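Colleague: One structure coming up, written as structure tokens, with questions to follow.
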Amino acid sequence: MDPHLLQSVLDAVSLPALAVGPDEKIAAANADALSLLGQGIVTRNYVTMLRQPMLLDSIESTLRDTSPRETRYLGHDGDHDTTYRVTCRAAGDSGCVIVCFDDVTALEQASQMRRDFVANVSHELRTPLTALMGFIETLQGPARDDTAAQTRFLGIMQSEAARMNRLVGDLLSLSRVESDQRVRPTTQISLLDVLSSTVHALQPVAQKAKVTLVFDPPDHVPTMIADADQLRQVFTNLIENAIKYGGEDNTVQVTLAAADRDPALRAAGVRVDVTDHGPGIDPAHLPRLTERFYRIDNHRSREMGGTGLGLAIVKHIIHRHRGRMRVTSDLGQGATFSVILPLVP
């Protein structure tokens with residue numbers, strides 16, 4: 001094949017693409033392929049340039065019998081591992097093989113996330129189910145006539161069933177907020193009213209936990225376009241977490257302030273800070289707090305009724321509102337969860 005024509009064909013391909021000639025040398029490559037594989041690959045033997053065995057086997061086999069093949073190529077873009085789906089096709093009777101690289105990293109990551117999610121849900125449900133089955137078996141057998149044991153076991157079974165119910169509820173909530181994430185809210189609301197009612201509703205929870213819940217509302221905050229129910233869910237989650245993990249005889253402070261220009265948004269915004277004065281969070285955990293089922297202390301979180309999905313739900317709701325969430329903490333100094341929302345005219 002004419003080298004100029006071959007190069008023109010490859011330049012027209014929107015993916016990284018190269019041609020391997022019958023002499024096993026790379027005859028041509030487009031700019032994307034040079035960026036991916038290196039600037040000096042043309043005229044070099046494909047074996048020394050591509051190296052990965054599965055890819056080499058596919059090219060060799062297509063050179064030999066002209067049958068199309070598909071394989072994988074693993075790369076690295078400097079920050080993350082990347083995965084490419086590679087197709088090898090014979091170019092007519094020229095003896096050349098056209099090799100195209102399609103970046104499927106995002107698809108691979110999404111697939112892995114789905115697998116991890118299913119595995120995590122299965123694990124979270126299996127533990128209480130196993131406990132329930134064990135207690136049922138005991139109540140049907142050795143504890144059949146033991147009234148005290150029945151009372152104790154039924155209490156534990158109720159707790160485990162409630163835990164499963166919370167998990168299913170959070171899974172449904174997560175599904176709803178994910179499906180709504182690209183739909184902008186359209187209702188004009190008063191964030192001050194939403195936050196005030198949330199704090200008022202959680203005062204009994206704070207009193208029971210021997211925590212002082214403080215909210216000193218500002219005189220005025222502009223109204224905004226938002227989903228009041230979803231924001232109430234956000235603030236309920238953050239304040240409940242602060243009450244639970246701040247510890248007894250501590251104070252949880254909630255503050256609300258509006259600014260003509262918030263640095264995080266580079267526009268007018270409103271900021272809600274929920275601060276506890278508990279043991280704080282190790283900075284190593286901060287980047288992963290909003291991951292599904294991520295817990296700093298698995299046992300303690302389950303003891304307090306946590307499902308590991310609360311902050312993931314919070315993150316999706318804030319994204320729907322085009323806002324930001326910031327977490328600052330030092331061990332022994334408590335933690336502050338900040339929600340920053342835009343004030344849309």
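How things are named: the first chain in the structure tokens is A, the next is B, and so on; residues count from 1 in each chain; ligands count from 1 in the order shown.
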Can you list, as number ranges by chain, every protein, DNA or RNA residue that comes within 8 Å of Asp330 of chain A when you count only C-alpha atoms, leaving out same-chain residues fewer than 2 positions away?

Modeller: A: 280-283, 328, 332-335

Colleague: Residues near segment 84-100 of chain A, anyone? I mean within 8 Å using only C-alpha atoms, not counting same-chain ones fewer than 4 positions away, as a ChimeraX atom specification.

Modeller: /A:1,15-22,55,58-59,62-63,66-75,104-105

Colleague: Write a file of the just-selected residues containing N, CA, C and O atoms, as an mmCIF file, in the first residue's frame.

Modeller:
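Listed below is the output, out_11.cif:
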```cif
data_model
loop_
_atom_site.group_PDB
_atom_site.id
_atom_site.type_symbol
_atom_site.label_atom_id
_atom_site.label_comp_id
_atom_site.auth_asym_id
_atom_site.auth_seq_id
_atom_site.Cartn_x
_atom_site.Cartn_y
_atom_site.Cartn_z
ATOM 1 N N MET A 1 0.850 -1.201 0.000
ATOM 2 C CA MET A 1 0.000 0.000 0.000
ATOM 3 C C MET A 1 0.877 1.240 0.000
ATOM 4 O O MET A 1 1.911 1.274 0.657
ATOM 5 N N LEU A 15 -9.461 7.108 16.586
ATOM 6 C CA LEU A 15 -8.817 6.389 17.687
ATOM 7 C C LEU A 15 -7.313 6.302 17.425
ATOM 8 O O LEU A 15 -6.867 6.453 16.289
ATOM 9 N N PRO A 16 -6.522 6.034 18.461
ATOM 10 C CA PRO A 16 -5.119 5.708 18.210
ATOM 11 C C PRO A 16 -5.038 4.505 17.268
ATOM 12 O O PRO A 16 -5.664 3.471 17.531
ATOM 13 N N ALA A 17 -4.295 4.617 16.174
ATOM 14 C CA ALA A 17 -4.251 3.537 15.186
ATOM 15 C C ALA A 17 -2.874 3.486 14.549
ATOM 16 O O ALA A 17 -2.215 4.511 14.352
ATOM 17 N N LEU A 18 -2.440 2.267 14.239
ATOM 18 C CA LEU A 18 -1.164 2.077 13.555
ATOM 19 C C LEU A 18 -1.301 0.928 12.570
ATOM 20 O O LEU A 18 -2.264 0.155 12.620
ATOM 21 N N ALA A 19 -0.341 0.848 11.652
ATOM 22 C CA ALA A 19 -0.324 -0.221 10.661
ATOM 23 C C ALA A 19 0.969 -1.007 10.794
ATOM 24 O O ALA A 19 2.053 -0.426 10.885
ATOM 25 N N VAL A 20 0.834 -2.329 10.845
ATOM 26 C CA VAL A 20 1.993 -3.220 10.887
ATOM 27 C C VAL A 20 2.116 -3.887 9.524
ATOM 28 O O VAL A 20 1.151 -4.497 9.029
ATOM 29 N N GLY A 21 3.271 -3.738 8.877
ATOM 30 C CA GLY A 21 3.474 -4.286 7.545
ATOM 31 C C GLY A 21 3.849 -5.755 7.575
ATOM 32 O O GLY A 21 4.126 -6.333 8.639
ATOM 33 N N PRO A 22 3.882 -6.407 6.395
ATOM 34 C CA PRO A 22 4.248 -7.829 6.307
ATOM 35 C C PRO A 22 5.684 -8.105 6.759
ATOM 36 O O PRO A 22 6.029 -9.253 7.073
ATOM 37 N N LEU A 55 -1.375 -8.837 22.917
ATOM 38 C CA LEU A 55 -1.444 -7.980 21.736
ATOM 39 C C LEU A 55 -0.525 -8.511 20.635
ATOM 40 O O LEU A 55 -0.911 -8.562 19.455
ATOM 41 N N SER A 58 -2.085 -11.493 18.898
ATOM 42 C CA SER A 58 -3.194 -11.139 18.006
ATOM 43 C C SER A 58 -2.669 -10.579 16.685
ATOM 44 O O SER A 58 -3.162 -10.935 15.599
ATOM 45 N N ILE A 59 -1.686 -9.684 16.744
ATOM 46 C CA ILE A 59 -1.129 -9.108 15.518
ATOM 47 C C ILE A 59 -0.464 -10.192 14.678
ATOM 48 O O ILE A 59 -0.665 -10.269 13.457
ATOM 49 N N THR A 62 -3.102 -12.358 12.972
ATOM 50 C CA THR A 62 -3.795 -11.674 11.880
ATOM 51 C C THR A 62 -2.867 -11.487 10.682
ATOM 52 O O THR A 62 -3.303 -11.582 9.518
ATOM 53 N N LEU A 63 -1.582 -11.231 10.922
ATOM 54 C CA LEU A 63 -0.619 -11.171 9.820
ATOM 55 C C LEU A 63 -0.557 -12.500 9.077
ATOM 56 O O LEU A 63 -0.413 -12.546 7.847
ATOM 57 N N THR A 66 -5.001 -13.346 8.259
ATOM 58 C CA THR A 66 -5.869 -12.193 7.931
ATOM 59 C C THR A 66 -7.208 -12.196 8.675
ATOM 60 O O THR A 66 -8.084 -11.379 8.357
ATOM 61 N N SER A 67 -7.398 -13.070 9.648
ATOM 62 C CA SER A 67 -8.663 -13.082 10.401
ATOM 63 C C SER A 67 -8.671 -11.941 11.422
ATOM 64 O O SER A 67 -7.650 -11.666 12.056
ATOM 65 N N PRO A 68 -9.812 -11.267 11.587
ATOM 66 C CA PRO A 68 -9.882 -10.173 12.572
ATOM 67 C C PRO A 68 -9.789 -10.705 14.003
ATOM 68 O O PRO A 68 -10.274 -11.807 14.293
ATOM 69 N N ARG A 69 -9.187 -9.914 14.858
ATOM 70 C CA ARG A 69 -9.037 -10.324 16.261
ATOM 71 C C ARG A 69 -9.232 -9.124 17.182
ATOM 72 O O ARG A 69 -9.085 -7.971 16.769
ATOM 73 N N GLU A 70 -9.526 -9.428 18.439
ATOM 74 C CA GLU A 70 -9.720 -8.386 19.450
ATOM 75 C C GLU A 70 -9.003 -8.807 20.731
ATOM 76 O O GLU A 70 -9.014 -9.982 21.105
ATOM 77 N N THR A 71 -8.368 -7.850 21.396
ATOM 78 C CA THR A 71 -7.639 -8.162 22.618
ATOM 79 C C THR A 71 -7.613 -6.927 23.518
ATOM 80 O O THR A 71 -8.331 -5.956 23.269
ATOM 81 N N ARG A 72 -6.807 -6.954 24.570
ATOM 82 C CA ARG A 72 -6.699 -5.845 25.512
ATOM 83 C C ARG A 72 -5.262 -5.326 25.552
ATOM 84 O O ARG A 72 -4.307 -6.069 25.368
ATOM 85 N N TYR A 73 -5.153 -4.016 25.786
ATOM 86 C CA TYR A 73 -3.841 -3.402 25.983
ATOM 87 C C TYR A 73 -3.920 -2.564 27.256
ATOM 88 O O TYR A 73 -4.820 -1.733 27.412
ATOM 89 N N LEU A 74 -2.999 -2.787 28.176
ATOM 90 C CA LEU A 74 -2.981 -2.069 29.452
ATOM 91 C C LEU A 74 -1.927 -0.977 29.399
ATOM 92 O O LEU A 74 -0.765 -1.235 29.061
ATOM 93 N N GLY A 75 -2.327 0.246 29.716
ATOM 94 C CA GLY A 75 -1.401 1.375 29.695
ATOM 95 C C GLY A 75 -1.416 2.128 31.009
ATOM 96 O O GLY A 75 -2.015 1.708 32.002
ATOM 97 N N VAL A 104 -11.287 1.984 26.989
ATOM 98 C CA VAL A 104 -12.489 1.502 27.696
ATOM 99 C C VAL A 104 -12.269 1.562 29.210
ATOM 100 O O VAL A 104 -12.933 0.855 29.963
ATOM 101 N N THR A 105 -11.360 2.431 29.648
ATOM 102 C CA THR A 105 -11.060 2.534 31.079
ATOM 103 C C THR A 105 -12.305 2.848 31.889
ATOM 104 O O THR A 105 -12.561 2.228 32.925
#
```

Colleague: For segment 177-180 of chain A, list every protein, DNA or RNA residue within 8 Å, evaluated using only C-alpha atoms, and leave out those in the same chain fewer than 2 positions away; present the list as a PDB file with N, CA, C and O atoms, in the first residue's frame.

Modeller:
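What follows is the written file around-v9.pdb:
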```pdb
ATOM      1  N   SER A 173     -32.942   4.920  48.549  1.00  0.00           N
ATOM      2  CA  SER A 173     -32.683   6.355  48.539  1.00  0.00           C
ATOM      3  C   SER A 173     -31.518   6.690  47.618  1.00  0.00           C
ATOM      4  O   SER A 173     -31.572   7.650  46.841  1.00  0.00           O
ATOM      5  N   LEU A 174     -30.451   5.885  47.679  1.00  0.00           N
ATOM      6  CA  LEU A 174     -29.296   6.100  46.811  1.00  0.00           C
ATOM      7  C   LEU A 174     -29.681   5.956  45.345  1.00  0.00           C
ATOM      8  O   LEU A 174     -29.257   6.742  44.493  1.00  0.00           O
ATOM      9  N   SER A 175     -30.518   4.976  45.056  1.00  0.00           N
ATOM     10  CA  SER A 175     -30.968   4.772  43.676  1.00  0.00           C
ATOM     11  C   SER A 175     -31.763   5.980  43.182  1.00  0.00           C
ATOM     12  O   SER A 175     -31.587   6.428  42.049  1.00  0.00           O
ATOM     13  N   ARG A 182     -29.026  14.308  37.408  1.00  0.00           N
ATOM     14  CA  ARG A 182     -28.882  15.204  36.248  1.00  0.00           C
ATOM     15  C   ARG A 182     -30.087  16.130  36.076  1.00  0.00           C
ATOM     16  O   ARG A 182     -30.122  16.934  35.144  1.00  0.00           O
ATOM     17  N   VAL A 183     -31.070  16.005  36.963  1.00  0.00           N
ATOM     18  CA  VAL A 183     -32.269  16.833  36.873  1.00  0.00           C
ATOM     19  C   VAL A 183     -32.150  17.974  37.873  1.00  0.00           C
ATOM     20  O   VAL A 183     -32.130  17.759  39.085  1.00  0.00           O
ATOM     21  N   ILE A 313     -24.977   9.106  49.747  1.00  0.00           N
ATOM     22  CA  ILE A 313     -26.235   9.763  49.384  1.00  0.00           C
ATOM     23  C   ILE A 313     -26.067  11.277  49.448  1.00  0.00           C
ATOM     24  O   ILE A 313     -26.501  12.016  48.552  1.00  0.00           O
ATOM     25  N   HIS A 316     -24.228  12.637  46.367  1.00  0.00           N
ATOM     26  CA  HIS A 316     -25.026  12.704  45.143  1.00  0.00           C
ATOM     27  C   HIS A 316     -26.037  13.854  45.195  1.00  0.00           C
ATOM     28  O   HIS A 316     -26.279  14.516  44.175  1.00  0.00           O
ATOM     29  N   ILE A 317     -26.626  14.088  46.359  1.00  0.00           N
ATOM     30  CA  ILE A 317     -27.591  15.184  46.472  1.00  0.00           C
ATOM     31  C   ILE A 317     -26.892  16.528  46.262  1.00  0.00           C
ATOM     32  O   ILE A 317     -27.403  17.413  45.547  1.00  0.00           O
ATOM     33  N   ARG A 320     -26.176  17.065  42.686  1.00  0.00           N
ATOM     34  CA  ARG A 320     -27.380  17.452  41.947  1.00  0.00           C
ATOM     35  C   ARG A 320     -27.626  18.956  42.066  1.00  0.00           C
ATOM     36  O   ARG A 320     -28.096  19.600  41.117  1.00  0.00           O
TER      37      ARG A 320
END
```

Colleague: Determine the nearest neighbour of Glu291 of chain A from the options A:Leu202, A:Leu107, A:Met113, A:Leu256, counting only C-alpha atoms.

Modeller: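 Looking at the shortest contact to Glu291 of chain A, the residue is A:Met113.
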
Colleague: I'd like the contact shell of Gln203 of chain A - 12 Å cut-off, only C-alpha atoms, skipping same-chain residues fewer than 2 positions apart - returned as number ranges by chain.

Modeller: A: 196-201, 205-215, 236, 239-240, 243, 251-252

Colleague: Taking only segment 212-295 of chain A into account, list the residues labelled helix (DSSP H, G or I) by DSSP (computed from the backbone), as an MDAnalysis selection string.

Modeller: chainID A and resid 228:246 283:288

Colleague: Do you know which residues are at most 9 Å from segment 47-52 of chain A counting only C-alpha atoms, after dropping those on the same chain fewer than 6 positions away, and could you put them as a PDB file with all heavy atoms, in the first residue's frame?

Modeller:
```
ATOM      1  N   GLU A  24       6.754  -7.048   9.498  1.00  0.00           N
ATOM      2  CA  GLU A  24       6.631  -6.973  10.955  1.00  0.00           C
ATOM      3  C   GLU A  24       7.126  -5.649  11.526  1.00  0.00           C
ATOM      4  O   GLU A  24       7.365  -5.545  12.729  1.00  0.00           O
ATOM      5  CB  GLU A  24       7.351  -8.153  11.635  1.00  0.00           C
ATOM      6  CG  GLU A  24       6.785  -9.508  11.225  1.00  0.00           C
ATOM      7  CD  GLU A  24       7.371 -10.649  12.037  1.00  0.00           C
ATOM      8  OE1 GLU A  24       8.357 -10.410  12.776  1.00  0.00           O
ATOM      9  OE2 GLU A  24       6.843 -11.777  11.945  1.00  0.00           O
ATOM     10  N   LYS A  25       7.264  -4.652  10.684  1.00  0.00           N
ATOM     11  CA  LYS A  25       7.620  -3.325  11.167  1.00  0.00           C
ATOM     12  C   LYS A  25       6.376  -2.424  11.161  1.00  0.00           C
ATOM     13  O   LYS A  25       5.465  -2.619  10.356  1.00  0.00           O
ATOM     14  CB  LYS A  25       8.707  -2.703  10.302  1.00  0.00           C
ATOM     15  CG  LYS A  25      10.047  -3.410  10.429  1.00  0.00           C
ATOM     16  CD  LYS A  25      11.108  -2.736   9.564  1.00  0.00           C
ATOM     17  CE  LYS A  25      12.454  -3.441   9.722  1.00  0.00           C
ATOM     18  NZ  LYS A  25      13.506  -2.809   8.867  1.00  0.00           N
ATOM     19  N   ILE A  26       6.355  -1.460  12.069  1.00  0.00           N
ATOM     20  CA  ILE A  26       5.244  -0.504  12.119  1.00  0.00           C
ATOM     21  C   ILE A  26       5.416   0.461  10.949  1.00  0.00           C
ATOM     22  O   ILE A  26       6.370   1.249  10.906  1.00  0.00           O
ATOM     23  CB  ILE A  26       5.213   0.233  13.462  1.00  0.00           C
ATOM     24  CG1 ILE A  26       4.976  -0.767  14.606  1.00  0.00           C
ATOM     25  CG2 ILE A  26       4.129   1.306  13.471  1.00  0.00           C
ATOM     26  CD1 ILE A  26       5.056  -0.170  15.994  1.00  0.00           C
ATOM     27  N   LEU A  37       1.893   5.427  22.435  1.00  0.00           N
ATOM     28  CA  LEU A  37       2.921   4.386  22.413  1.00  0.00           C
ATOM     29  C   LEU A  37       4.349   4.924  22.309  1.00  0.00           C
ATOM     30  O   LEU A  37       5.301   4.187  22.526  1.00  0.00           O
ATOM     31  CB  LEU A  37       2.654   3.438  21.242  1.00  0.00           C
ATOM     32  CG  LEU A  37       1.282   2.746  21.265  1.00  0.00           C
ATOM     33  CD1 LEU A  37       1.012   2.063  19.944  1.00  0.00           C
ATOM     34  CD2 LEU A  37       1.203   1.752  22.412  1.00  0.00           C
ATOM     35  N   GLY A  38       4.494   6.196  21.959  1.00  0.00           N
ATOM     36  CA  GLY A  38       5.835   6.750  21.833  1.00  0.00           C
ATOM     37  C   GLY A  38       6.079   7.289  20.433  1.00  0.00           C
ATOM     38  O   GLY A  38       5.609   6.729  19.436  1.00  0.00           O
ATOM     39  N   GLY A  40       8.772   7.324  18.615  1.00  0.00           N
ATOM     40  CA  GLY A  40       9.748   6.656  17.751  1.00  0.00           C
ATOM     41  C   GLY A  40       9.353   5.268  17.304  1.00  0.00           C
ATOM     42  O   GLY A  40      10.217   4.433  16.981  1.00  0.00           O
ATOM     43  N   ILE A  41       8.055   4.974  17.226  1.00  0.00           N
ATOM     44  CA  ILE A  41       7.650   3.595  16.948  1.00  0.00           C
ATOM     45  C   ILE A  41       7.647   3.273  15.448  1.00  0.00           C
ATOM     46  O   ILE A  41       7.789   2.108  15.066  1.00  0.00           O
ATOM     47  CB  ILE A  41       6.261   3.293  17.541  1.00  0.00           C
ATOM     48  CG1 ILE A  41       5.188   4.185  16.904  1.00  0.00           C
ATOM     49  CG2 ILE A  41       6.260   3.460  19.050  1.00  0.00           C
ATOM     50  CD1 ILE A  41       3.767   3.811  17.317  1.00  0.00           C
ATOM     51  N   TYR A  73      -5.153  -4.016  25.786  1.00  0.00           N
ATOM     52  CA  TYR A  73      -3.841  -3.402  25.983  1.00  0.00           C
ATOM     53  C   TYR A  73      -3.920  -2.564  27.256  1.00  0.00           C
ATOM     54  O   TYR A  73      -4.820  -1.733  27.412  1.00  0.00           O
ATOM     55  CB  TYR A  73      -3.463  -2.512  24.795  1.00  0.00           C
ATOM     56  CG  TYR A  73      -2.138  -1.791  24.950  1.00  0.00           C
ATOM     57  CD1 TYR A  73      -0.934  -2.433  24.640  1.00  0.00           C
ATOM     58  CD2 TYR A  73      -2.093  -0.475  25.425  1.00  0.00           C
ATOM     59  CE1 TYR A  73       0.272  -1.777  24.793  1.00  0.00           C
ATOM     60  CE2 TYR A  73      -0.880   0.178  25.576  1.00  0.00           C
ATOM     61  CZ  TYR A  73       0.300  -0.480  25.265  1.00  0.00           C
ATOM     62  OH  TYR A  73       1.502   0.171  25.424  1.00  0.00           O
ATOM     63  N   LEU A  74      -2.999  -2.787  28.176  1.00  0.00           N
ATOM     64  CA  LEU A  74      -2.981  -2.069  29.452  1.00  0.00           C
ATOM     65  C   LEU A  74      -1.927  -0.977  29.399  1.00  0.00           C
ATOM     66  O   LEU A  74      -0.765  -1.235  29.061  1.00  0.00           O
ATOM     67  CB  LEU A  74      -2.685  -3.038  30.597  1.00  0.00           C
ATOM     68  CG  LEU A  74      -3.643  -4.232  30.733  1.00  0.00           C
ATOM     69  CD1 LEU A  74      -3.221  -5.121  31.901  1.00  0.00           C
ATOM     70  CD2 LEU A  74      -5.076  -3.763  30.907  1.00  0.00           C
TER      71      LEU A  74
END
```

Colleague: From the options A:Asn241, A:Ser329, A:Ser338, A:Gln150, which residue's atoms come nearest to Gly310 of chain A, counting only C-alpha atoms?

Modeller: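 The closest residue to Gly310 of chain A is A:Asn241.
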
Colleague: When you draw a straight line from atom CA of Thr336 of chain A to atom CA of Leu167 of chain A, how long is it in Å?

Modeller: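 According to the coordinates, atom CA of Thr336 of chain A and atom CA of Leu167 of chain A are separated by 25.5 Å.
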
Colleague: What does the distance between atom CA of Ser190 of chain A and atom CA of Met224 of chain A come to in Å, to one decimal place?

Modeller: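 Between these atoms lies a distance of 6.5 Å.
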
Colleague: Per DSSP on the backbone, filter segment 93-265 of chain A down to the residues in strand (DSSP E or B) and report them as a PyMOL selection string.

Modeller: chain A and resi 97-103+188-189+211-215+224-225+250-262

Colleague: Take atom CA of Pro342 of chain A and atom CA of Asp193 of chain A and report the distance between them in Å, one decimal.

Modeller: 16.9 Å

Colleague: For Gln39 of chain A, work out the shell of residues within 12 Å, counting only C-alpha atoms and skipping chain neighbours fewer than 6 positions away, then give it as a compact mmCIF listing (two decimals) with N, CA and C atoms, in the first residue's frame.

Modeller:
```
# COMPACT_ATOMS: atom_id res chain seq x y z
N ILE A 26 6.36 -1.46 12.07
CA ILE A 26 5.24 -0.50 12.12
C ILE A 26 5.42 0.46 10.95
N ALA A 28 3.17 2.81 9.77
CA ALA A 28 2.63 4.16 9.95
C ALA A 28 1.82 4.19 11.24
N ALA A 29 1.61 5.39 11.78
CA ALA A 29 0.82 5.56 13.00
C ALA A 29 0.27 6.97 13.02
N ASN A 30 -0.94 7.14 13.52
CA ASN A 30 -1.49 8.49 13.62
C ASN A 30 -1.00 9.17 14.90
N ALA A 31 -1.34 10.44 15.06
CA ALA A 31 -0.81 11.23 16.18
C ALA A 31 -1.22 10.66 17.53
N ASP A 32 -2.47 10.15 17.62
CA ASP A 32 -2.95 9.60 18.88
C ASP A 32 -2.16 8.35 19.27
N ALA A 33 -1.81 7.53 18.28
CA ALA A 33 -1.03 6.33 18.55
C ALA A 33 0.38 6.70 18.99
N MET A 49 8.22 -2.77 20.25
CA MET A 49 7.52 -1.54 20.61
C MET A 49 6.27 -1.78 21.45
```

Colleague: Pick the closest to Arg163 of chain A from A:Arg64, A:Gly308, A:Pro217, A:Thr43: which is it, counting only C-alpha atoms?

Modeller: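 That would be A:Gly308, the residue with the smallest distance to Arg163 of chain A.
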